[in-house]
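Source file: entry.cif. Holds: mmCIF, C-alpha atoms.
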data_work
loop_
_atom_site.label_atom_id
_atom_site.label_comp_id
_atom_site.auth_asym_id
_atom_site.auth_seq_id
_atom_site.Cartn_x
_atom_site.Cartn_y
_atom_site.Cartn_z
CA MET A 1 -26.21 -27.27 20.83
CA ASP A 2 -28.45 -26.61 17.87
CA VAL A 3 -26.93 -27.56 14.54
CA SER A 4 -29.02 -26.83 11.48
CA LYS A 5 -29.10 -28.91 8.35
CA THR A 6 -26.25 -28.17 5.95
CA VAL A 7 -27.36 -26.35 2.84
CA CYS A 8 -25.69 -25.29 -0.40
CA GLN A 9 -25.97 -22.02 -2.20
CA GLU A 10 -26.77 -21.40 -5.82
CA ALA A 11 -25.23 -18.30 -7.25
CA GLY A 12 -27.89 -15.85 -8.26
CA LYS A 13 -27.88 -12.42 -9.74
CA LEU A 14 -25.59 -9.86 -8.16
CA PRO A 15 -27.35 -6.87 -6.61
CA PRO A 16 -26.73 -3.44 -8.14
CA LEU A 17 -23.35 -1.99 -7.33
CA LEU A 18 -23.47 0.31 -4.33
CA PRO A 19 -21.92 3.80 -4.32
CA ASP A 20 -18.18 3.89 -3.85
CA GLY A 21 -16.06 6.33 -1.89
CA VAL A 22 -18.23 6.25 1.24
CA CYS A 23 -15.18 6.35 3.45
CA ALA A 24 -13.44 9.18 1.64
CA ASN A 25 -14.50 11.80 4.15
CA ASP A 26 -14.18 9.68 7.29
CA PRO A 27 -11.75 11.08 9.87
CA GLY A 28 -8.27 9.75 9.36
CA LEU A 29 -8.86 7.73 6.22
CA VAL A 30 -6.79 8.42 3.15
CA LYS A 31 -8.98 8.36 0.06
CA GLN A 32 -8.37 5.23 -1.99
CA ASP A 33 -9.08 4.71 -5.66
CA HIS A 34 -11.68 1.98 -5.76
CA SER A 35 -13.19 2.75 -9.13
CA HIS A 36 -13.37 -0.97 -9.85
CA SER A 37 -14.23 -2.04 -6.29
CA PRO A 38 -17.56 -0.64 -5.10
CA SER A 39 -18.06 0.17 -1.46
CA SER A 40 -21.37 0.58 0.30
CA PRO A 41 -23.18 2.87 2.71
CA PHE A 42 -23.57 1.86 6.32
CA PHE A 43 -26.85 0.48 7.51
CA GLY A 44 -29.63 2.58 8.94
CA ASN A 45 -32.57 1.04 10.75
CA THR A 46 -32.72 -2.74 10.62
CA GLU A 47 -35.79 -4.35 9.10
CA LEU A 48 -36.40 -7.98 10.00
CA GLN A 49 -36.82 -9.37 6.54
CA SER A 50 -34.77 -11.58 4.29
CA VAL A 51 -32.85 -9.41 1.84
CA ALA A 52 -30.18 -11.91 0.82
CA PRO A 53 -28.94 -11.11 -2.68
CA PHE A 54 -28.79 -14.72 -3.84
CA ASN A 55 -31.23 -17.58 -4.20
CA ARG A 56 -29.85 -20.23 -1.86
CA LYS A 57 -31.56 -23.59 -1.90
CA ALA A 58 -31.04 -26.59 0.36
CA GLY A 59 -30.09 -29.79 -1.30
CA GLY A 60 -27.34 -32.38 -1.23
CA LYS A 61 -24.05 -31.99 0.56
CA CYS A 62 -21.58 -29.24 -0.15
CA ARG A 63 -18.43 -27.84 1.30
CA ILE A 64 -18.90 -24.75 3.43
CA GLN A 65 -16.47 -22.13 2.15
CA VAL A 66 -16.70 -19.45 4.85
CA SER A 67 -17.70 -19.68 8.50
CA VAL A 68 -18.53 -16.40 10.24
CA ILE A 69 -17.27 -16.73 13.82
CA LEU A 70 -19.49 -14.79 16.22
CA PRO A 71 -19.05 -14.90 20.02
CA VAL A 72 -21.98 -13.31 21.85
CA TYR A 73 -22.30 -11.96 25.38
CA ASN A 74 -25.15 -9.62 26.32
CA ALA A 75 -25.29 -8.04 22.88
CA GLU A 76 -29.03 -7.35 22.52
CA SER A 77 -28.42 -3.68 21.67
CA TRP A 78 -26.44 -4.49 18.52
CA LEU A 79 -27.34 -8.01 17.37
CA ASP A 80 -30.07 -7.10 14.89
CA GLU A 81 -27.73 -4.94 12.81
CA CYS A 82 -24.88 -7.41 13.17
CA LEU A 83 -26.89 -10.42 12.00
CA LYS A 84 -28.55 -8.49 9.20
CA SER A 85 -25.11 -7.64 7.84
CA ILE A 86 -24.40 -11.38 7.50
CA LEU A 87 -27.63 -11.87 5.61
CA ASP A 88 -26.70 -9.03 3.24
CA GLN A 89 -23.34 -10.42 2.12
CA ASP A 90 -22.88 -10.53 -1.66
CA PHE A 91 -20.44 -13.47 -1.54
CA GLN A 92 -21.57 -16.13 -4.03
CA GLY A 93 -20.09 -19.10 -2.19
CA SER A 94 -21.48 -21.00 0.78
CA ILE A 95 -21.65 -19.25 4.14
CA GLU A 96 -22.09 -20.65 7.62
CA LEU A 97 -22.71 -18.67 10.80
CA SER A 98 -21.22 -20.18 13.95
CA ILE A 99 -22.50 -18.47 17.09
CA PHE A 100 -21.41 -19.17 20.64
CA ASN A 101 -23.63 -17.57 23.26
CA ASP A 102 -21.39 -17.20 26.31
CA SER A 103 -23.83 -17.08 29.27
CA SER A 104 -25.74 -14.03 28.10
CA THR A 105 -28.36 -12.84 30.60
CA ASP A 106 -30.18 -10.39 28.31
CA ASN A 107 -32.40 -11.02 25.28
CA SER A 108 -29.53 -12.09 22.99
CA ILE A 109 -30.66 -15.70 22.57
CA ASN A 110 -34.15 -14.71 21.44
CA ILE A 111 -32.72 -12.31 18.86
CA ILE A 112 -30.40 -15.07 17.64
CA GLU A 113 -33.27 -17.54 17.30
CA LYS A 114 -35.30 -15.00 15.31
CA TRP A 115 -32.44 -14.35 12.88
CA LYS A 116 -31.59 -18.04 12.66
CA ILE A 117 -34.86 -18.59 10.82
CA LEU A 118 -34.21 -15.77 8.36
CA LEU A 119 -30.62 -16.83 7.74
CA GLU A 120 -31.54 -20.47 7.12
CA GLU A 121 -34.33 -19.43 4.77
CA ALA A 122 -31.64 -17.60 2.80
CA GLY A 123 -29.44 -20.71 2.67
CA ILE A 124 -26.96 -19.73 5.38
CA ARG A 125 -26.26 -22.59 7.74
CA VAL A 126 -26.47 -21.59 11.42
CA VAL A 127 -24.65 -23.45 14.19
CA LEU A 128 -25.46 -22.36 17.73
CA GLY A 129 -23.55 -23.33 20.85
CA GLU A 130 -24.15 -22.08 24.37
CA ASN A 131 -22.44 -21.85 27.70
CA TYR A 132 -25.13 -22.55 30.29
CA SER A 133 -22.88 -21.75 33.22
CA ALA A 134 -23.55 -18.66 35.31
CA HIS A 135 -20.00 -17.57 34.57
CA PRO A 136 -18.95 -16.56 31.03
CA GLY A 137 -15.92 -18.42 29.72
CA GLY A 138 -14.46 -15.29 28.16
CA VAL A 139 -13.80 -14.05 24.64
CA GLY A 140 -11.02 -16.53 23.83
CA PHE A 141 -13.11 -19.47 25.05
CA ALA A 142 -16.15 -18.35 23.06
CA LYS A 143 -14.16 -17.85 19.84
CA ASN A 144 -12.47 -21.23 20.15
CA TYR A 145 -15.78 -22.98 20.71
CA ALA A 146 -17.40 -21.19 17.76
CA ILE A 147 -14.48 -22.24 15.55
CA ASP A 148 -14.51 -25.85 16.75
CA GLN A 149 -18.22 -26.26 15.99
CA SER A 150 -17.90 -24.63 12.56
CA SER A 151 -16.87 -26.33 9.31
CA GLY A 152 -15.89 -23.65 6.78
CA GLU A 153 -12.59 -23.65 4.91
CA TYR A 154 -12.16 -19.99 5.86
CA LEU A 155 -12.94 -18.12 9.06
CA CYS A 156 -14.41 -14.61 9.08
CA PHE A 157 -14.28 -13.11 12.57
CA LEU A 158 -16.99 -10.72 13.71
CA ASP A 159 -17.89 -9.09 17.01
CA SER A 160 -21.55 -8.94 17.97
CA ASP A 161 -21.54 -5.14 18.25
CA ASP A 162 -20.10 -4.53 14.76
CA VAL A 163 -21.60 -4.41 11.27
CA MET A 164 -20.11 -5.84 8.06
CA MET A 165 -20.40 -4.21 4.67
CA PRO A 166 -22.04 -6.44 2.01
CA GLN A 167 -18.78 -7.03 0.13
CA ARG A 168 -16.64 -7.90 3.16
CA ILE A 169 -16.60 -11.71 2.88
CA ARG A 170 -16.17 -11.62 -0.90
CA LEU A 171 -13.22 -9.22 -0.91
CA GLN A 172 -11.41 -10.82 2.02
CA TRP A 173 -11.95 -14.32 0.65
CA GLU A 174 -10.42 -13.21 -2.66
CA ALA A 175 -7.44 -11.71 -0.80
CA ASN A 176 -6.93 -14.83 1.30
CA ILE A 177 -6.80 -16.99 -1.82
CA LYS A 178 -3.83 -14.85 -2.95
CA TYR A 179 -2.21 -14.67 0.50
CA PRO A 180 -2.94 -17.99 2.25
CA ARG A 181 -0.49 -17.45 5.13
CA SER A 182 -1.95 -14.07 6.00
CA ILE A 183 -4.41 -12.64 8.43
CA ILE A 184 -6.55 -10.48 6.17
CA GLY A 185 -7.89 -7.25 7.64
CA CYS A 186 -9.64 -4.19 6.23
CA GLN A 187 -10.21 -0.52 6.83
CA ILE A 188 -12.89 0.47 9.30
CA LYS A 189 -15.36 3.20 10.12
CA ARG A 190 -15.50 4.08 13.81
CA GLU A 191 -18.78 4.74 15.58
CA PRO A 192 -19.00 7.27 17.08
CA ALA A 193 -16.68 8.96 14.59
CA GLU A 194 -14.97 11.10 17.22
CA ALA A 195 -13.95 8.09 19.33
CA THR A 196 -10.26 7.10 19.18
CA GLU A 197 -9.54 9.28 16.13
CA ARG A 198 -5.76 8.75 16.28
CA TYR A 199 -6.23 5.00 16.49
CA THR A 200 -8.65 5.02 13.55
CA ARG A 201 -6.19 7.02 11.43
CA TRP A 202 -3.41 4.61 12.37
CA ILE A 203 -5.33 1.42 11.61
CA ASN A 204 -6.62 2.72 8.26
CA ASN A 205 -3.45 4.31 6.91
CA LEU A 206 -0.57 1.96 7.75
CA THR A 207 1.46 1.08 4.69
CA HIS A 208 1.94 -2.52 3.62
CA ASP A 209 5.39 -2.62 5.25
CA GLN A 210 4.15 -0.98 8.45
CA LEU A 211 1.62 -3.76 8.94
CA LEU A 212 4.67 -5.77 10.02
CA THR A 213 7.01 -3.11 11.42
CA GLN A 214 4.53 -1.40 13.75
CA VAL A 215 3.39 -4.51 15.61
CA PHE A 216 5.07 -3.36 18.86
CA THR A 217 3.02 -0.21 19.46
CA SER A 218 0.39 0.22 22.16
CA HIS A 219 -2.32 0.05 19.48
CA GLY A 220 -1.95 -3.73 19.29
CA PRO A 221 -2.42 -5.83 16.12
CA THR A 222 -2.00 -3.80 12.94
CA VAL A 223 -5.28 -5.21 11.64
CA ILE A 224 -7.97 -5.25 14.31
CA MET A 225 -9.48 -8.53 15.45
CA PRO A 226 -13.09 -7.96 14.27
CA THR A 227 -11.75 -7.56 10.71
CA TRP A 228 -9.71 -10.79 10.69
CA PHE A 229 -10.19 -13.36 7.96
CA CYS A 230 -7.98 -16.44 7.54
CA SER A 231 -8.06 -20.06 6.50
CA ARG A 232 -9.03 -22.72 9.00
CA GLU A 233 -5.83 -24.57 8.17
CA TRP A 234 -3.71 -21.55 9.05
CA PHE A 235 -5.65 -20.84 12.24
CA TYR A 236 -4.97 -24.33 13.61
CA LEU A 237 -1.34 -24.16 12.52
CA VAL A 238 -0.94 -21.02 14.63
CA GLY A 239 -2.93 -22.45 17.53
CA ARG A 240 -6.01 -21.52 19.51
CA PHE A 241 -6.94 -18.36 21.38
CA ASN A 242 -5.82 -18.04 24.97
CA GLU A 243 -8.71 -18.97 27.28
CA GLU A 244 -7.56 -17.40 30.55
CA GLY A 245 -10.59 -15.13 30.40
CA LYS A 246 -11.31 -11.56 31.35
CA GLY A 247 -8.28 -9.29 31.23
CA THR A 248 -6.35 -11.42 28.72
CA PRO A 249 -5.45 -9.83 25.34
CA GLU A 250 -6.22 -13.02 23.44
CA ASP A 251 -6.14 -11.29 20.05
CA LEU A 252 -2.70 -9.77 20.66
CA LEU A 253 -1.26 -13.09 21.85
CA PHE A 254 -2.64 -14.92 18.82
CA PHE A 255 -1.32 -12.19 16.51
CA TYR A 256 2.18 -12.52 17.99
CA GLU A 257 2.09 -16.30 17.58
CA HIS A 258 0.91 -15.84 13.99
CA LEU A 259 4.01 -13.74 13.30
CA ARG A 260 6.27 -16.26 15.04
CA LYS A 261 4.97 -18.94 12.69
CA GLY A 262 5.94 -16.84 9.68
CA GLY A 263 2.48 -15.42 9.09
CA GLU A 264 1.90 -12.31 7.01
CA VAL A 265 -0.56 -9.43 7.29
CA PHE A 266 -2.65 -8.04 4.46
CA ARG A 267 -5.30 -5.29 4.53
CA VAL A 268 -8.09 -4.81 2.01
CA ASP A 269 -8.11 -1.04 1.50
CA GLN A 270 -11.82 -0.57 1.70
CA CYS A 271 -14.08 0.16 4.67
CA LEU A 272 -15.65 -3.24 5.27
CA LEU A 273 -16.64 -2.91 8.92
CA LEU A 274 -18.47 -0.49 11.19
CA TYR A 275 -16.43 -0.75 14.40
CA ARG A 276 -18.25 0.42 17.50
CA TYR A 277 -16.76 2.03 20.57
CA HIS A 278 -18.70 1.78 23.83
CA ALA A 279 -18.14 1.28 27.53
CA GLN A 280 -19.18 -2.40 27.52
CA ALA A 281 -16.54 -3.47 24.96
CA ALA A 282 -14.40 -6.40 26.14
CA THR A 283 -11.19 -4.57 25.25
CA HIS A 284 -11.69 -2.26 28.24
CA ALA A 285 -11.16 -5.23 30.57
CA VAL A 286 -7.51 -5.61 29.52
CA LEU A 287 -5.10 -3.64 31.68
CA GLU A 288 -2.56 -1.40 29.97
CA GLU A 289 0.22 -2.94 32.07
CA THR A 290 -0.70 -6.43 30.87
CA ILE A 291 -0.37 -5.33 27.25
CA TRP A 292 2.85 -3.46 28.06
CA THR A 293 4.46 -6.61 29.46
CA HIS A 294 3.58 -8.67 26.39
CA ARG A 295 4.82 -5.92 24.06
CA VAL A 296 8.19 -5.67 25.81
CA LEU A 297 8.72 -9.42 25.75
CA PHE A 298 7.85 -9.60 22.04
CA LEU A 299 10.15 -6.66 21.24
CA GLU A 300 13.03 -8.34 23.07
CA GLU A 301 12.35 -11.63 21.33
CA ARG A 302 11.93 -10.38 17.79
CA ILE A 303 14.20 -7.33 17.60
CA LEU A 304 16.52 -6.69 20.53
CA SER A 305 17.84 -10.25 20.55
CA ASN A 306 19.36 -9.48 17.14
CA TRP A 307 20.95 -6.15 18.10
CA THR A 308 24.19 -5.60 19.96
CA SER A 309 23.40 -1.99 20.86
CA PHE A 310 20.64 0.57 20.38
CA THR A 311 19.34 4.02 21.34
CA ILE A 312 15.99 4.78 23.01
CA TRP A 313 14.32 7.87 21.54
CA ASN A 314 12.61 9.59 24.48
CA ALA A 315 14.46 10.41 27.67
CA GLY A 316 11.13 11.08 29.38
CA LYS A 317 8.65 8.86 31.16
CA GLN A 318 7.96 6.32 28.41
CA GLY A 319 11.59 5.87 27.39
CA ARG A 320 12.72 5.37 30.97
CA LYS A 321 9.87 2.94 31.59
CA LEU A 322 10.95 0.86 28.61
CA PHE A 323 14.53 0.81 29.87
CA ARG A 324 13.44 -0.36 33.33
CA SER A 325 11.24 -3.06 31.76
CA LEU A 326 14.05 -4.62 29.73
CA SER A 327 16.01 -7.65 30.80
CA PRO A 328 19.46 -6.84 32.26
CA ALA A 329 21.09 -8.13 29.08
CA ASN A 330 19.09 -5.73 26.93
CA GLN A 331 19.57 -2.84 29.36
CA ASN A 332 23.29 -3.25 28.82
CA LYS A 333 22.75 -2.77 25.07
CA VAL A 334 21.30 0.73 25.52
CA THR A 335 24.07 3.14 24.54
CA ALA A 336 22.05 6.34 24.90
CA PHE A 337 18.71 8.08 25.13
CA CYS A 338 17.92 10.82 22.64
CA ASP A 339 15.42 13.65 22.79
CA VAL A 340 14.55 17.19 21.64
CA ASP A 341 13.99 18.56 25.14
CA LYS A 342 16.87 20.91 25.96
CA ASN A 343 16.43 20.39 29.72
CA LYS A 344 16.79 16.63 29.42
CA ILE A 345 19.76 16.95 27.09
CA THR A 346 21.46 19.48 29.35
CA LYS A 347 21.07 17.08 32.27
CA GLY A 348 23.44 14.81 30.37
CA PHE A 349 22.62 11.40 31.83
CA TYR A 350 19.81 9.17 32.99
CA ILE A 351 20.87 7.43 36.21
CA TYR A 352 19.19 4.08 36.77
CA GLU A 353 18.71 4.37 40.53
CA GLU A 354 16.78 1.08 40.82
CA SER A 355 19.80 -0.89 39.62
CA LYS A 356 21.17 -3.45 42.06
CA GLU A 357 24.69 -2.71 40.88
CA THR A 358 26.98 -0.83 43.24
CA SER A 359 27.80 1.69 40.53
CA LYS A 360 24.46 2.86 39.14
CA PRO A 361 24.30 2.85 35.30
CA ARG A 362 24.53 6.33 33.74
CA ILE A 363 23.08 6.44 30.23
CA PRO A 364 23.91 9.51 28.12
CA ILE A 365 21.09 11.75 26.84
CA LEU A 366 21.80 13.13 23.36
CA HIS A 367 20.10 15.40 20.86
CA PHE A 368 18.22 13.21 18.37
CA LYS A 369 20.49 14.35 15.51
CA GLU A 370 23.49 12.92 17.37
CA ALA A 371 21.91 9.55 18.09
CA SER A 372 23.28 6.40 16.52
CA PRO A 373 20.84 3.88 15.07
CA PRO A 374 19.27 1.47 15.51
CA LEU A 375 16.57 3.21 17.52
CA ILE A 376 13.57 2.13 19.56
CA ILE A 377 11.19 5.08 19.41
CA CYS A 378 8.97 5.74 22.41
CA VAL A 379 7.37 8.93 21.09
CA LYS A 380 3.67 8.81 20.27
CA LEU A 381 2.80 9.33 16.64
CA ASP A 382 0.30 11.89 15.36
CA LEU A 383 0.43 14.08 18.48
CA THR A 384 2.87 16.92 17.70
CA ASP A 385 1.34 18.47 14.56
CA GLY A 386 3.89 16.58 12.49
CA GLN A 387 6.98 17.93 14.29
CA PHE A 388 8.19 14.54 15.52
CA GLU A 389 7.58 12.93 12.14
CA GLU A 390 9.53 15.73 10.48
CA ASN A 391 12.44 15.28 12.90
CA LEU A 392 12.51 11.57 12.20
CA SER A 393 12.52 12.10 8.43
CA LEU A 394 15.59 14.35 8.75
CA LEU A 395 17.66 11.32 9.77
CA ASN A 396 16.96 9.44 6.50
CA LEU A 397 16.49 6.14 8.33
CA LYS A 398 14.53 3.10 7.18
CA GLU A 399 11.73 1.82 9.37
CA GLY A 400 12.09 -1.88 10.13
CA VAL A 401 15.87 -1.69 9.72
CA ASP A 402 17.15 1.41 11.50
CA TYR A 403 14.25 1.90 13.89
CA TYR A 404 11.02 0.49 15.29
CA HIS A 405 8.16 2.27 16.99
CA PHE A 406 7.31 1.31 20.57
CA ASN A 407 4.91 4.13 21.40
#

Any chance you could give the structure as structure tokens?
Amino acid sequence: MDVSKTVCQEAGKLPPLLPDGVCANDPGLVKQDHSHSPSSPFFGNTELQSVAPFNRKAGGKCRIQVSVILPVYNAESWLDECLKSILDQDFQGSIELSIFNDSSTDNSINIIEKWKILLEEAGIRVVLGENYSAHPGGVGFAKNYAIDQSSGEYLCFLDSDDVMMPQRIRLQWEANIKYPRSIIGCQIKREPAEATERYTRWINNLTHDQLLTQVFTSHGPTVIMPTWFCSREWFYLVGRFNEEGKGTPEDLLFFYEHLRKGGEVFRVDQCLLLYRYHAQAATHAVLEETIWTHRVLFLEERILSNWTSFTIWNAGKQGRKLFRSLSPANQNKVTAFCDVDKNKITKGFYIYEESKETSKPRIPILHFKEASPPLIICVKLDLTDGQFEENLSLLNLKEGVDYYHFN
């Protein structure tokens, strides 16, 4: 492990404010009024030169305020832009970069060593750990190791294929001071823009309340992992990332535990991260069924355990799958399915043929206007040109009280 000498920063002159509103025309992003909070353009070609906005000088001992946590595995295609975005941060406090190279076999380590020199010249402490095994330890292992070897009061998580905007650390640090029990996220710009458009709209436009009520959907955490920012104290109170390796949704499991511990969720409503979509992304290694199982268990724990009865909105495939996935005790709480499909409603009942009971359960199928809350909704959002959302609004129900989305 290579641990550089600790250095302190001296606040220098702020760079000129960058143009705001850069995200206003991005697909799925509601325009925000940031007239007092400048945003910045995304980076073009990376030049290997020190462009840090502050004069940081080594000298004496100082407390590191923010550690950027960066796990790396075969990231040579993106590392230059990623590391340059750390150098370009306009945060005036002390920054440390903690990298864990998890058995990369490409040119990642040489790129890291090159940028290590530039970052240290700019006063950013660099801590580098490596897994020399032929087998990567996995994302959770790499993050935990990077955190353990770091020393900052606050942790700023970053993936090696993403790019931070210059104001990211500053704005999230300010938010975390106000909300110390929160995971702080931000809005994102997707690259390529046409990738996962529904997901991008969802992650950028959730309301403050929905950051907590829509935690059961297939989209996962309501603020995405590469945008997370939290205090070191809170991270260790929640616990460490799961280290079972490839195929484990370590971010989702940590997010659920964060909520169990009474944690909150806050989003800075500015685009502070360029979030890349590509075939090599670690998220593709997690099976949909694995995530489904964790979602069902969390829904039963947090919501269904407090209800005596409920209705499932969707008498089709997804609604029936949820019913079959529930524990017997929670299956018995389902009083009805509801739907808009006339054929399903005319059928009258869903018969649970897989039941071990002699008399197979017959669950009524109702028109949605006849359904009794509370509801678990298994209809995908943003797919019906607003028709589903309009139907839901007709019922005058309150999300987080009368219904939850499980879509």

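Considering all atoms listed in the file, the residue among A:Gln210, A:Thr217, A:Thr248, A:Ser182 positioned nearest to Gly140 of chain A is A:Thr248.
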
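Distances here use only C-alpha atoms; by that measure, the residue among A:Val268, A:Ser85, A:Met164, A:Val72 closest to Asp106 of chain A is A:Val72.
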
* Asked: If you apply the PyMOL selection byres ((chain A and resi 327-336) around 12) to this file, what residues do you get, as number ranges by chain?
  -> A: 293, 296-297, 299-301, 303-315, 319-326, 337-339, 345, 348-352, 354-357, 361-368, 370-376

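Atom CA of His135 of chain A is positioned 26.3 Å from atom CA of Cys156 of chain A.
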
* To do: May I have the residues within 10 Å of segment 380-394 of chain A as a ChimeraX atom specification, using only C-alpha atoms and disregarding those fewer than 5 positions away in the same chain?
  => /A:198-199,201-202,217-218,314,318,340,368-369,403,405-407

* Which residues, written as an NGL selection string, have at least one atom at most 8 Å from segment 166-168 of chain A, with all atoms listed in the file counted and residues fewer than 5 positions away on the same chain left out? -> :A and (39-40 or 85-86 or 88-91 or 272-273)

Output file for the residues above (C-alpha atoms, as a CSV table (one decimal), in the frame of the given file):
chain,number,residue,atom,x,y,z
A,39,SER,CA,-18.1,0.2,-1.5
A,40,SER,CA,-21.4,0.6,0.3
A,85,SER,CA,-25.1,-7.6,7.8
A,86,ILE,CA,-24.4,-11.4,7.5
A,88,ASP,CA,-26.7,-9.0,3.2
A,89,GLN,CA,-23.3,-10.4,2.1
A,90,ASP,CA,-22.9,-10.5,-1.7
A,91,PHE,CA,-20.4,-13.5,-1.5
A,272,LEU,CA,-15.6,-3.2,5.3
A,273,LEU,CA,-16.6,-2.9,8.9

Please, what is the axis-aligned box for every listed atom of segment 358-365 of chain A with 8 Å on each side, as centre and edge lengths in Å to one decimal, as lines of an AutoDock Vina configuration file?
center_x = 24.4
center_y = 5.5
center_z = 35.0
size_x = 22.7
size_y = 28.6
size_z = 32.4

* Using only C-alpha atoms, determine which residues lie at most 7 Å from Gly245 of chain A, disregarding the query and same-chain residues fewer than 2 positions distant; provide the list as a PyMOL selection string. => chain A and resi 137-140+243+247-248

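Interatomic distance, atom CA of Ile291 of chain A to atom CA of Asp162 of chain A: 23.4 Å.
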
* If the PyMOL selection byres ((chain A and resi 252) around 10) is run on the structure shown, which residues does it catch, given as a count of residues only? -> 22

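Note that the spacing between atom CA of Ser77 of chain A and atom CA of Ala195 of chain A amounts to 18.8 Å.
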
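In this comparison, which uses all atoms listed in the file, the residue of A:Ala122, A:Ile183, A:Ile203, A:Leu79 approaching Ile109 of chain A most closely is A:Leu79.
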
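Across the chains present, the PyMOL selection byres ((chain A and resi 204) around 10) applied to this file returns Pro27, Gly28, Leu29, Val30, Cys186, Gln187, Ile188, Lys189, Tyr199, Thr200, Arg201, Trp202, Ile203, Asn205, Leu206, Thr207, Thr222, Val223, Arg267, Val268, Asp269, Gln270 and Cys271 of chain A.
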
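All residues of protein, DNA or RNA that reach within 12 Å of Ser133 of chain A, judged by only C-alpha atoms and not counting those fewer than 6 positions away in the chain, are Asn101, Asp102, Ser103, Ser104 and Thr105 of chain A.
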
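Residue nearest Asp159 of chain A within the list A:Arg260, A:His208, A:Arg276, A:Lys344: A:Arg276 [criterion: smallest interatomic distance, only C-alpha atoms].
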